[in-house]
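Structure file final-v8.txt with compact mmCIF, C-alpha atoms and all ligand atoms:
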# COMPACT_ATOMS: atom_id res chain seq x y z
CA MET A 8 18.12 18.67 -27.56
CA ALA A 9 14.74 18.34 -29.26
CA SER A 10 11.79 17.56 -27.08
CA THR A 11 8.06 17.93 -27.27
CA PRO A 12 7.00 20.44 -24.64
CA ALA A 13 4.66 18.45 -22.42
CA PRO A 14 1.36 20.07 -21.46
CA LEU A 15 2.42 20.31 -17.89
CA GLY A 16 1.08 22.34 -15.06
CA PRO A 17 2.66 21.92 -11.68
CA ALA A 18 4.02 18.62 -10.45
CA GLU A 19 1.35 15.96 -10.35
CA ILE A 20 0.58 12.35 -9.64
CA VAL A 21 -1.15 10.45 -12.42
CA VAL A 22 -3.00 7.30 -11.37
CA ASP A 23 -3.92 4.81 -14.07
CA LEU A 24 -7.16 3.14 -13.01
CA ASP A 25 -6.94 0.71 -15.93
CA ALA A 26 -3.73 -0.59 -14.37
CA ILE A 27 -5.54 -1.06 -11.03
CA ARG A 28 -8.35 -2.94 -12.77
CA ALA A 29 -5.89 -5.14 -14.67
CA ASN A 30 -3.83 -5.84 -11.53
CA ALA A 31 -6.98 -6.82 -9.64
CA ARG A 32 -7.91 -9.19 -12.45
CA LEU A 33 -4.45 -10.76 -12.43
CA LEU A 34 -4.42 -11.18 -8.66
CA ARG A 35 -7.92 -12.64 -8.63
CA ALA A 36 -6.93 -15.14 -11.32
CA THR A 37 -3.64 -16.00 -9.60
CA ALA A 38 -5.29 -16.54 -6.23
CA GLY A 39 -8.29 -18.52 -7.45
CA VAL A 40 -10.19 -17.34 -4.37
CA PRO A 41 -11.98 -14.05 -3.55
CA LEU A 42 -9.77 -10.97 -3.60
CA ILE A 43 -9.82 -8.52 -0.70
CA ALA A 44 -8.42 -5.31 -2.23
CA VAL A 45 -6.63 -3.29 0.44
CA VAL A 46 -7.22 0.45 -0.05
CA LYS A 47 -5.97 1.72 3.33
CA SER A 48 -3.89 4.87 3.64
CA ASP A 49 -5.69 6.58 0.76
CA GLY A 50 -5.20 3.58 -1.48
CA TYR A 51 -1.45 3.49 -0.77
CA GLY A 52 -1.37 7.13 -1.89
CA HIS A 53 -3.29 6.44 -5.10
CA GLY A 54 -6.75 7.64 -3.99
CA MET A 55 -8.90 5.40 -1.81
CA VAL A 56 -12.33 5.84 -3.40
CA GLU A 57 -11.24 5.74 -7.05
CA CYS A 58 -9.05 2.70 -6.41
CA ALA A 59 -11.85 0.97 -4.52
CA HIS A 60 -14.15 1.32 -7.52
CA ALA A 61 -11.43 0.22 -9.94
CA ALA A 62 -10.58 -2.81 -7.80
CA ARG A 63 -14.22 -3.84 -7.73
CA GLU A 64 -14.44 -3.41 -11.51
CA GLY A 65 -11.38 -5.68 -11.79
CA GLY A 66 -13.16 -8.39 -9.82
CA ALA A 67 -12.29 -7.75 -6.17
CA GLU A 68 -15.16 -9.20 -4.14
CA TRP A 69 -14.00 -7.49 -0.95
CA LEU A 70 -12.38 -4.21 0.04
CA ALA A 71 -10.38 -3.58 3.18
CA THR A 72 -9.07 -0.59 5.07
CA ALA A 73 -6.93 -0.36 8.16
CA THR A 74 -9.04 1.99 10.29
CA ILE A 75 -12.74 2.04 10.95
CA GLU A 76 -12.74 5.74 9.91
CA GLU A 77 -11.40 4.83 6.47
CA ALA A 78 -14.12 2.21 6.09
CA LEU A 79 -16.80 4.72 7.13
CA ALA A 80 -15.39 7.22 4.62
CA LEU A 81 -15.64 4.62 1.84
CA ARG A 82 -19.30 4.05 2.66
CA GLY A 83 -19.82 7.81 2.80
CA ALA A 84 -18.42 8.03 -0.73
CA GLY A 85 -20.95 5.48 -1.95
CA VAL A 86 -18.74 2.40 -2.01
CA ASP A 87 -20.90 -0.59 -1.12
CA GLY A 88 -20.37 -4.35 -0.94
CA PRO A 89 -18.23 -6.45 1.39
CA LEU A 90 -15.82 -4.25 3.37
CA LEU A 91 -13.45 -5.15 6.21
CA CYS A 92 -11.39 -2.99 8.57
CA TRP A 93 -8.93 -4.02 11.26
CA ILE A 94 -7.84 -1.10 13.38
CA THR A 95 -10.07 0.39 16.03
CA ALA A 96 -9.23 2.53 19.00
CA PRO A 97 -11.15 2.84 22.25
CA GLY A 98 -14.35 4.78 21.56
CA ALA A 99 -14.59 3.56 17.94
CA ASP A 100 -18.00 3.98 16.35
CA TYR A 101 -18.93 0.30 16.19
CA ALA A 102 -22.62 1.11 15.85
CA ALA A 103 -22.01 3.19 12.72
CA ALA A 104 -19.86 0.43 11.25
CA ALA A 105 -22.55 -2.15 11.95
CA ALA A 106 -25.25 0.08 10.46
CA LEU A 107 -23.21 0.34 7.27
CA ASP A 108 -22.52 -3.40 7.04
CA ILE A 109 -18.79 -3.07 7.67
CA ASP A 110 -16.95 -6.13 8.97
CA VAL A 111 -14.99 -4.96 12.00
CA SER A 112 -12.04 -6.98 13.31
CA ALA A 113 -11.82 -7.73 17.01
CA TYR A 114 -8.69 -8.88 18.84
CA SER A 115 -9.74 -9.26 22.47
CA VAL A 116 -12.51 -10.03 24.92
CA ASP A 117 -12.47 -6.40 26.05
CA GLU A 118 -13.03 -5.24 22.50
CA LEU A 119 -15.87 -7.72 22.02
CA ASP A 120 -17.41 -6.42 25.25
CA ALA A 121 -17.14 -2.84 23.96
CA ILE A 122 -18.71 -3.86 20.66
CA ALA A 123 -21.52 -5.62 22.53
CA THR A 124 -22.23 -2.43 24.49
CA ALA A 125 -22.23 -0.34 21.30
CA LEU A 126 -24.65 -2.75 19.63
CA ALA A 127 -27.14 -2.90 22.49
CA GLU A 128 -29.74 -0.86 20.54
CA ARG A 129 -29.44 -2.95 17.39
CA SER A 130 -31.74 -5.76 16.34
CA GLU A 131 -29.73 -7.15 13.42
CA PRO A 132 -26.51 -9.04 14.14
CA ALA A 133 -23.35 -7.12 13.22
CA ARG A 134 -20.45 -8.65 11.26
CA ILE A 135 -17.30 -9.37 13.22
CA GLN A 136 -14.03 -10.96 12.09
CA LEU A 137 -11.59 -12.26 14.67
CA LYS A 138 -7.92 -11.56 14.18
CA VAL A 139 -5.44 -13.97 15.70
CA ASP A 140 -1.74 -13.33 16.19
CA THR A 141 0.15 -16.28 14.70
CA GLY A 142 3.64 -14.82 15.06
CA LEU A 143 3.78 -11.22 13.84
CA SER A 144 3.37 -10.01 17.42
CA ARG A 145 1.46 -6.96 16.20
CA GLY A 146 -2.36 -6.89 16.16
CA GLY A 147 -4.56 -9.89 16.87
CA ALA A 148 -5.32 -12.11 19.82
CA PRO A 149 -2.20 -13.80 21.21
CA ARG A 150 -2.35 -17.58 21.28
CA THR A 151 -2.91 -17.58 25.05
CA ALA A 152 -6.16 -15.66 24.50
CA TRP A 153 -7.57 -17.54 21.53
CA ALA A 154 -9.87 -19.78 23.56
CA GLU A 155 -11.41 -16.95 25.61
CA VAL A 156 -11.86 -14.73 22.55
CA PHE A 157 -13.56 -17.53 20.63
CA ALA A 158 -15.78 -18.36 23.61
CA ARG A 159 -16.83 -14.71 24.02
CA ALA A 160 -17.41 -14.41 20.29
CA ARG A 161 -19.60 -17.50 20.26
CA ALA A 162 -21.60 -16.21 23.23
CA GLY A 163 -22.21 -12.97 21.33
CA GLU A 164 -23.47 -14.95 18.35
CA GLU A 165 -25.85 -16.86 20.59
CA ALA A 166 -27.09 -13.56 22.03
CA GLY A 167 -27.82 -12.35 18.49
CA LEU A 168 -25.30 -9.50 18.73
CA TRP A 169 -23.13 -10.48 15.81
CA GLN A 170 -22.14 -13.10 13.33
CA VAL A 171 -18.46 -14.10 13.23
CA THR A 172 -17.85 -13.83 9.50
CA GLY A 173 -14.13 -14.40 9.45
CA VAL A 174 -11.00 -15.56 11.25
CA TRP A 175 -7.75 -14.14 9.96
CA SER A 176 -4.10 -13.43 10.61
CA HIS A 177 -1.13 -11.69 8.99
CA LEU A 178 2.32 -12.96 8.00
CA ALA A 179 5.59 -11.40 9.10
CA CYS A 180 7.94 -12.66 6.38
CA ALA A 181 5.82 -13.38 3.31
CA ASP A 182 8.32 -11.50 1.12
CA GLN A 183 10.96 -14.09 2.10
CA PRO A 184 9.28 -17.31 0.98
CA ASP A 185 11.99 -19.54 2.50
CA HIS A 186 11.78 -17.94 5.93
CA PRO A 187 10.82 -20.62 8.48
CA SER A 188 8.28 -18.37 10.17
CA ASN A 189 5.94 -18.73 7.17
CA ASP A 190 5.39 -22.44 7.86
CA ARG A 191 5.06 -21.79 11.58
CA GLN A 192 2.51 -19.02 11.10
CA GLU A 193 0.46 -21.03 8.65
CA ALA A 194 0.40 -24.02 11.01
CA ALA A 195 -0.61 -21.77 13.90
CA PHE A 196 -3.36 -20.28 11.76
CA ARG A 197 -4.75 -23.73 11.00
CA GLU A 198 -4.76 -24.46 14.74
CA ALA A 199 -6.60 -21.20 15.45
CA VAL A 200 -9.24 -21.97 12.83
CA ALA A 201 -9.72 -25.48 14.26
CA LEU A 202 -10.07 -24.06 17.75
CA ALA A 203 -12.62 -21.50 16.53
CA GLU A 204 -14.63 -24.34 15.02
CA GLU A 205 -14.41 -26.30 18.27
CA HIS A 206 -16.00 -23.29 19.94
CA GLY A 207 -18.91 -23.49 17.50
CA LEU A 208 -17.83 -20.67 15.19
CA ARG A 209 -18.35 -21.14 11.42
CA PRO A 210 -16.48 -18.25 9.78
CA GLU A 211 -17.16 -18.00 6.06
CA LEU A 212 -13.80 -16.35 5.42
CA ARG A 213 -10.43 -17.61 6.67
CA HIS A 214 -7.62 -15.44 5.31
CA LEU A 215 -3.90 -15.10 5.87
CA ALA A 216 -2.13 -14.00 2.67
CA ASN A 217 -0.97 -10.51 1.77
CA SER A 218 0.28 -9.70 -1.76
CA ALA A 219 3.56 -11.57 -1.42
CA ALA A 220 1.95 -14.73 -0.04
CA THR A 221 -0.85 -14.55 -2.62
CA ILE A 222 1.74 -14.89 -5.37
CA LEU A 223 4.42 -16.98 -3.66
CA ARG A 224 2.57 -19.25 -1.24
CA PRO A 225 -0.50 -21.06 -2.62
CA SER A 226 -1.07 -22.92 0.67
CA ALA A 227 -1.75 -19.59 2.40
CA ARG A 228 -4.63 -18.55 0.15
CA PHE A 229 -7.44 -20.20 2.16
CA ASP A 230 -10.84 -18.57 1.42
CA ALA A 231 -9.58 -15.14 0.36
CA VAL A 232 -6.39 -13.11 -0.09
CA ARG A 233 -5.69 -9.54 1.05
CA CYS A 234 -3.70 -7.69 -1.58
CA GLY A 235 -2.47 -4.14 -1.23
CA ILE A 236 0.83 -3.29 -2.87
CA ALA A 237 0.34 -5.67 -5.80
CA LEU A 238 -3.00 -4.04 -6.60
CA TYR A 239 -1.05 -0.86 -7.29
CA GLY A 240 1.34 -2.78 -9.51
CA LEU A 241 4.39 -2.75 -7.28
CA ASP A 242 6.47 -5.81 -6.49
CA PRO A 243 5.62 -7.21 -3.04
CA ALA A 244 8.83 -9.24 -2.83
CA PRO A 245 11.62 -7.84 -4.99
CA GLY A 246 14.07 -10.51 -6.07
CA GLN A 247 11.52 -13.32 -5.71
CA ALA A 248 9.48 -14.97 -8.46
CA THR A 249 6.63 -12.49 -8.33
CA ASP A 250 6.33 -11.46 -11.97
CA ILE A 251 2.70 -12.05 -12.91
CA GLY A 252 2.49 -9.01 -15.19
CA LEU A 253 1.48 -6.32 -12.71
CA VAL A 254 1.68 -2.73 -13.95
CA PRO A 255 2.57 0.19 -11.64
CA ALA A 256 -0.43 2.52 -11.50
CA MET A 257 1.24 5.69 -10.22
CA THR A 258 3.35 8.13 -12.20
CA MET A 259 4.85 11.21 -10.58
CA ARG A 260 5.72 13.86 -13.15
CA ALA A 261 6.78 17.47 -13.12
CA PRO A 262 7.95 20.10 -15.59
CA LEU A 263 11.60 20.98 -15.98
CA VAL A 264 11.58 24.60 -14.89
CA MET A 265 15.15 25.77 -15.52
CA VAL A 266 18.41 24.63 -17.12
CA LYS A 267 21.77 26.16 -16.25
CA GLU A 268 25.45 25.57 -16.74
CA LEU A 269 27.86 24.70 -13.98
CA ALA A 270 31.61 25.24 -14.09
CA VAL A 271 34.13 22.99 -12.36
CA GLY A 272 33.95 23.69 -8.65
CA ASP A 273 30.36 24.95 -8.58
CA ALA A 274 28.63 23.33 -5.62
CA VAL A 275 24.93 22.51 -5.53
CA SER A 276 22.15 22.99 -2.96
CA TYR A 277 22.14 23.31 0.83
CA GLY A 278 25.35 22.31 2.53
CA HIS A 279 27.22 22.19 -0.77
CA HIS A 280 27.40 18.40 -0.56
CA TRP A 281 27.95 17.95 -4.31
CA THR A 282 30.47 19.82 -6.42
CA ALA A 283 30.80 19.68 -10.21
CA GLU A 284 34.07 17.97 -11.16
CA HIS A 285 33.49 18.67 -14.86
CA PRO A 286 31.58 21.41 -16.60
CA THR A 287 27.97 20.24 -16.82
CA THR A 288 24.38 21.38 -17.08
CA VAL A 289 21.80 20.95 -14.37
CA GLY A 290 18.02 21.20 -14.33
CA LEU A 291 15.58 22.34 -11.69
CA VAL A 292 12.59 20.09 -10.89
CA PRO A 293 9.85 21.50 -8.62
CA VAL A 294 9.35 18.55 -6.27
CA GLY A 295 10.89 18.17 -2.85
CA TYR A 296 10.59 16.53 0.49
CA ALA A 297 7.33 18.36 1.21
CA ASP A 298 5.88 16.40 -1.70
CA GLY A 299 7.19 13.12 -0.32
CA ILE A 300 10.56 12.93 -2.09
CA PRO A 301 12.82 11.24 0.48
CA ARG A 302 15.54 13.59 1.63
CA ASN A 303 18.00 10.71 1.56
CA ALA A 304 17.54 10.41 -2.21
CA THR A 305 21.08 11.80 -2.18
CA ARG A 306 23.67 11.30 0.48
CA PRO A 307 26.90 13.23 0.94
CA GLY A 308 29.80 11.28 -0.49
CA SER A 309 27.68 8.71 -2.38
CA PRO A 310 26.79 10.45 -5.67
CA ASP A 311 26.55 7.12 -7.51
CA ALA A 312 23.76 6.01 -5.20
CA ALA A 313 21.60 9.06 -5.91
CA ALA A 314 18.00 8.56 -6.99
CA GLN A 315 17.30 9.49 -10.61
CA VAL A 316 14.51 10.96 -12.70
CA GLY A 317 13.73 10.43 -16.38
CA ILE A 318 13.87 13.26 -18.95
CA ASP A 319 13.43 12.52 -22.66
CA GLY A 320 13.94 8.84 -21.87
CA LYS A 321 17.29 9.44 -20.15
CA ARG A 322 18.07 8.89 -16.48
CA ARG A 323 19.27 12.00 -14.66
CA PRO A 324 20.69 11.73 -11.13
CA ILE A 325 19.73 14.17 -8.40
CA ARG A 326 22.62 16.34 -7.24
CA GLY A 327 23.02 17.87 -3.83
CA THR A 328 20.54 18.04 -1.01
CA VAL A 329 16.83 17.47 -1.69
CA CYS A 330 15.05 20.71 -0.71
CA MET A 331 11.50 21.16 0.54
CA ASP A 332 10.15 22.21 -2.84
CA GLN A 333 12.72 21.31 -5.47
CA VAL A 334 15.64 19.18 -6.56
CA VAL A 335 18.53 19.76 -8.95
CA VAL A 336 19.33 17.04 -11.50
CA ASP A 337 22.50 16.51 -13.52
CA LEU A 338 21.88 16.89 -17.25
CA GLY A 339 25.45 15.97 -18.16
CA GLY A 340 25.87 18.82 -20.65
CA ASP A 341 22.51 18.32 -22.39
CA ARG A 342 19.97 21.14 -22.57
CA PRO A 343 16.45 19.73 -22.69
CA ASP A 344 13.77 22.34 -23.23
CA VAL A 345 12.38 24.08 -20.22
CA GLY A 346 8.89 22.61 -19.86
CA SER A 347 10.06 19.10 -20.75
CA GLU A 348 8.38 16.33 -18.84
CA VAL A 349 10.32 14.98 -15.90
CA VAL A 350 9.21 11.47 -14.90
CA VAL A 351 10.13 11.20 -11.24
CA PHE A 352 8.91 7.62 -11.18
CA GLY A 353 6.25 5.51 -12.85
CA PRO A 354 5.75 2.31 -14.80
CA PRO A 355 8.68 1.30 -17.02
CA SER A 356 6.68 2.50 -20.04
CA ALA A 357 6.80 6.09 -18.73
CA GLY A 358 10.51 6.27 -19.53
CA GLY A 359 11.82 6.99 -16.06
CA PRO A 360 12.72 5.05 -12.94
CA THR A 361 10.16 3.00 -11.04
CA ALA A 362 9.05 3.39 -7.43
CA GLN A 363 11.14 0.27 -6.80
CA ASP A 364 14.24 2.04 -8.22
CA TRP A 365 13.55 4.91 -5.82
CA ALA A 366 13.11 2.52 -2.91
CA GLU A 367 16.50 0.96 -3.62
CA ALA A 368 18.20 4.35 -3.97
CA CYS A 369 16.67 5.56 -0.69
CA GLY A 370 17.10 2.40 1.37
CA THR A 371 13.39 1.77 1.82
CA ILE A 372 10.53 -0.23 0.27
CA ASN A 373 8.32 0.72 -2.66
CA TYR A 374 5.32 0.90 -0.26
CA GLU A 375 6.88 3.90 1.48
CA ILE A 376 7.73 5.70 -1.76
CA VAL A 377 4.11 5.77 -3.00
CA THR A 378 2.29 6.23 0.32
CA ARG A 379 4.38 9.23 1.39
CA ILE A 380 3.76 11.21 -1.82
CA GLY A 381 1.35 14.05 -1.27
CA GLY A 382 1.43 17.50 0.20
CA ARG A 383 0.47 20.07 -2.42
CA MET A 384 0.76 17.68 -5.33
CA THR A 385 -2.38 17.25 -7.41
CA ARG A 386 -3.65 13.84 -8.40
CA ARG A 387 -5.13 13.12 -11.81
CA PHE A 388 -6.88 9.89 -12.74
CA VAL A 389 -6.71 8.33 -16.15
CA GLY A 390 -8.59 5.26 -17.33
CA GLN A 391 -11.71 6.38 -15.48
CA SER A 392 -14.68 4.23 -16.44
C1 LIG B 401 -1.51 -3.62 4.65
C2 LIG B 401 -2.00 -4.96 4.96
C3 LIG B 401 -2.23 -5.91 3.95
C4 LIG B 401 -1.79 -5.71 2.53
O1 LIG B 401 -0.40 -5.99 2.47
P1 LIG B 401 0.38 -5.94 1.08
O2 LIG B 401 1.73 -6.43 1.41
O3 LIG B 401 0.38 -4.49 0.67
O4 LIG B 401 -0.37 -6.79 0.13
C5 LIG B 401 -2.84 -7.10 4.28
N1 LIG B 401 -3.19 -7.35 5.56
C6 LIG B 401 -2.97 -6.48 6.56
C7 LIG B 401 -3.36 -6.82 7.94
C8 LIG B 401 -2.35 -5.27 6.31
O5 LIG B 401 -2.10 -4.42 7.31
Let's see the structure in the file written out as structure tokens.
Amino acid sequence: MASTPAPLGPAEIVVDLDAIRANARLLRATAGVPLIAVVKSDGYGHGMVECAHAAREGGAEWLATATIEEALALRGAGVDGPLLCWITAPGADYAAAAALDIDVSAYSVDELDAIATALAERSEPARIQLKVDTGLSRGGAPRTAWAEVFARARAGEEAGLWQVTGVWSHLACADQPDHPSNDRQEAAFREAVALAEEHGLRPELRHLANSAATILRPSARFDAVRCGIALYGLDPAPGQATDIGLVPAMTMRAPLVMVKELAVGDAVSYGHHWTAEHPTTVGLVPVGYADGIPRNATRPGSPDAAAQVGIDGKRRPIRGTVCMDQVVVDLGGDRPDVGSEVVVFGPPSAGGPTAQDWAEACGTINYEIVTRIGGRMTRRFVGQS
């Protein structure tokens, strides 16, 4: 079969920063309020610093990370402007965060006390956002503690330690817009904000929505929205009405390194879990579970459910067990040139499956597919400004 040999080195991830910029623009326009671009976990595997710049260029007023260390790393890489983080552990460097104008989230009176101690040497007030738990039962102050947290936070403001810049929470079921917990959490959030105001707090930013709620739940947009997965162009709520024109930013590609023929009865890869029932050809692709390819991309006895790759615009299913460094794909008798481009996943325009297709084949969510990619794989950016 004819094919243009692609100029391929080893397997690589290509990240399209124009897509990130365009997605940020779309989300900002959809929300109608400031966009907090979430670049935690190395920008969902896309590259934290590059994605932070691209998100800003696309109109994101704010950036957010999970950990305080990620936020400090962004500042260290020269990323300035409004920046929020929400995970701290005992001993966190609150003073460094304050010195670099990072908004740190606090969940408890104990944490506010620790922050107060860390800020004792500082003359300028730090920036603190208060996270309330409205029903996710993960981070954030539980409802029973709201009043004491708000009171301690207000006392800290009066002492000149900090300014409470935000009150926020996180939804459990935003990808299921009809789930009753969405209404309950939003109502609880409104109560928390009212209680904060009763305690004399005047947060400039009240925020609740993640990507799914930004698109599907206008009432949850408040003063800002926190978008992660949608910034990278992946669907935050597959099957729901989320199509606003987002474009997946990550492509994973690799060269086809070998093509061989199999006879009836030849079995493939560790454990011999797949056996050729017809004569066929197979190809070797140098990506494996060490690179983040889920090992359950194939499962014994379910060959029709196998994840696929794209070669010359055709879908090719993986056969047999995913190895650490490579997979075998069924070429169905075709013989593409060695060196042909294999699109493991990417935007639909790349001619292969999407991260969402992989998520469905592997029984997970698109978030996990992109964030787990890594290991020895190189990352190349296109659309750099
Ligand atoms: C990761 C995260 C987000 C972003 O969620 P997406 O579904 O990727 O948009 C928002 N808020 C918090 C607290 C998060 O942990």
Pick out the residues no farther than 6 Å from ligand LIG 401 (chain B), counting all atoms listed in the file, and list them as a list in words. Val45, His177, Asn217, Ser218, Arg233, Cys234, Gly235, Ile236 and Pro243 of chain A
**OP:** Kindly extract all protein, DNA and RNA residues lying within 7 Å of the coordinates (5.2, 9.2, -8.9) given in the file, considering only C-alpha atoms, and supply them as a VMD selection string.
**Re:** chain A and resid 20 257 to 260 351 to 353 377
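The shortest atom-to-atom distance to Arg191 (chain A), with all atoms listed in the file taken into account, belongs to A:Thr141 out of A:Thr124, A:Thr141, A:Thr385, A:Thr74.
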field: Residue contacts of His53 (chain A) (10 Å, only C-alpha atoms) excluding same-chain residues fewer than 6 positions away, as a PyMOL selection string
entry: chain A and resi 20-24+27+46+239+256-258+377-378+380-381+386-388
Counting all atoms listed in the file, closest pick from A:Leu253, A:Ile122, A:Ile372, A:Val275 relative to Thr328 (chain A) is A:Val275
Margin query: I want to know what sits within 12 Å of region 61-67 of chain A, based on only C-alpha atoms, with residues of the same chain fewer than 4 positions away left out; could you give that as a PyMOL selection string?
Written below: chain A and resi 22-36+38-46+50+53-57+71+86-90+231-235+237-239+256+388-392
As a compact mmCIF listing (two decimals), in the frame of the given file, could you write out region 257-275 of chain A once it has been completed with N, CA, C and O atoms?
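Output below, filename out-v9.txt:
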# COMPACT_ATOMS: atom_id res chain seq x y z
N MET A 257 0.95 4.28 -10.52
CA MET A 257 1.24 5.69 -10.22
C MET A 257 2.44 6.21 -11.00
O MET A 257 3.48 5.57 -11.04
N THR A 258 2.24 7.39 -11.61
CA THR A 258 3.35 8.13 -12.20
C THR A 258 3.43 9.46 -11.48
O THR A 258 2.41 10.11 -11.26
N MET A 259 4.64 9.86 -11.11
CA MET A 259 4.85 11.21 -10.58
C MET A 259 5.63 11.97 -11.64
O MET A 259 6.69 11.54 -12.06
N ARG A 260 5.06 13.08 -12.08
CA ARG A 260 5.72 13.86 -13.15
C ARG A 260 5.73 15.33 -12.79
O ARG A 260 4.91 15.80 -11.98
N ALA A 261 6.63 16.05 -13.41
CA ALA A 261 6.78 17.47 -13.12
C ALA A 261 7.41 18.12 -14.34
O ALA A 261 8.02 17.44 -15.16
N PRO A 262 7.28 19.42 -14.48
CA PRO A 262 7.95 20.10 -15.59
C PRO A 262 9.39 20.45 -15.20
O PRO A 262 9.68 20.74 -14.04
N LEU A 263 10.26 20.44 -16.18
CA LEU A 263 11.60 20.98 -15.98
C LEU A 263 11.45 22.50 -16.01
O LEU A 263 10.93 23.05 -16.98
N VAL A 264 11.88 23.17 -14.94
CA VAL A 264 11.58 24.60 -14.89
C VAL A 264 12.78 25.50 -15.20
O VAL A 264 12.60 26.70 -15.43
N MET A 265 13.99 24.93 -15.22
CA MET A 265 15.15 25.77 -15.52
C MET A 265 16.31 24.87 -15.89
O MET A 265 16.43 23.76 -15.35
N VAL A 266 17.17 25.35 -16.78
CA VAL A 266 18.41 24.63 -17.12
C VAL A 266 19.54 25.64 -16.99
O VAL A 266 19.40 26.78 -17.44
N LYS A 267 20.63 25.23 -16.35
CA LYS A 267 21.77 26.16 -16.25
C LYS A 267 23.08 25.41 -16.34
O LYS A 267 23.13 24.19 -16.17
N GLU A 268 24.12 26.17 -16.60
CA GLU A 268 25.45 25.57 -16.74
C GLU A 268 26.21 25.68 -15.44
O GLU A 268 26.10 26.67 -14.72
N LEU A 269 26.97 24.65 -15.14
CA LEU A 269 27.86 24.70 -13.98
C LEU A 269 29.30 24.58 -14.46
O LEU A 269 29.59 23.79 -15.36
N ALA A 270 30.17 25.34 -13.82
CA ALA A 270 31.61 25.24 -14.09
C ALA A 270 32.23 24.31 -13.05
O ALA A 270 31.63 24.05 -11.99
N VAL A 271 33.42 23.82 -13.33
CA VAL A 271 34.13 22.99 -12.36
C VAL A 271 34.23 23.75 -11.04
O VAL A 271 34.59 24.92 -11.01
N GLY A 272 33.86 23.07 -9.97
CA GLY A 272 33.95 23.69 -8.65
C GLY A 272 32.65 24.30 -8.17
O GLY A 272 32.54 24.63 -6.99
N ASP A 273 31.65 24.45 -9.06
CA ASP A 273 30.36 24.95 -8.58
C ASP A 273 29.71 23.88 -7.71
O ASP A 273 29.61 22.72 -8.10
N ALA A 274 29.25 24.28 -6.55
CA ALA A 274 28.63 23.33 -5.62
C ALA A 274 27.13 23.57 -5.60
O ALA A 274 26.66 24.68 -5.81
N VAL A 275 26.38 22.48 -5.34
CA VAL A 275 24.93 22.51 -5.53
C VAL A 275 24.18 22.31 -4.22
O VAL A 275 24.50 21.40 -3.45
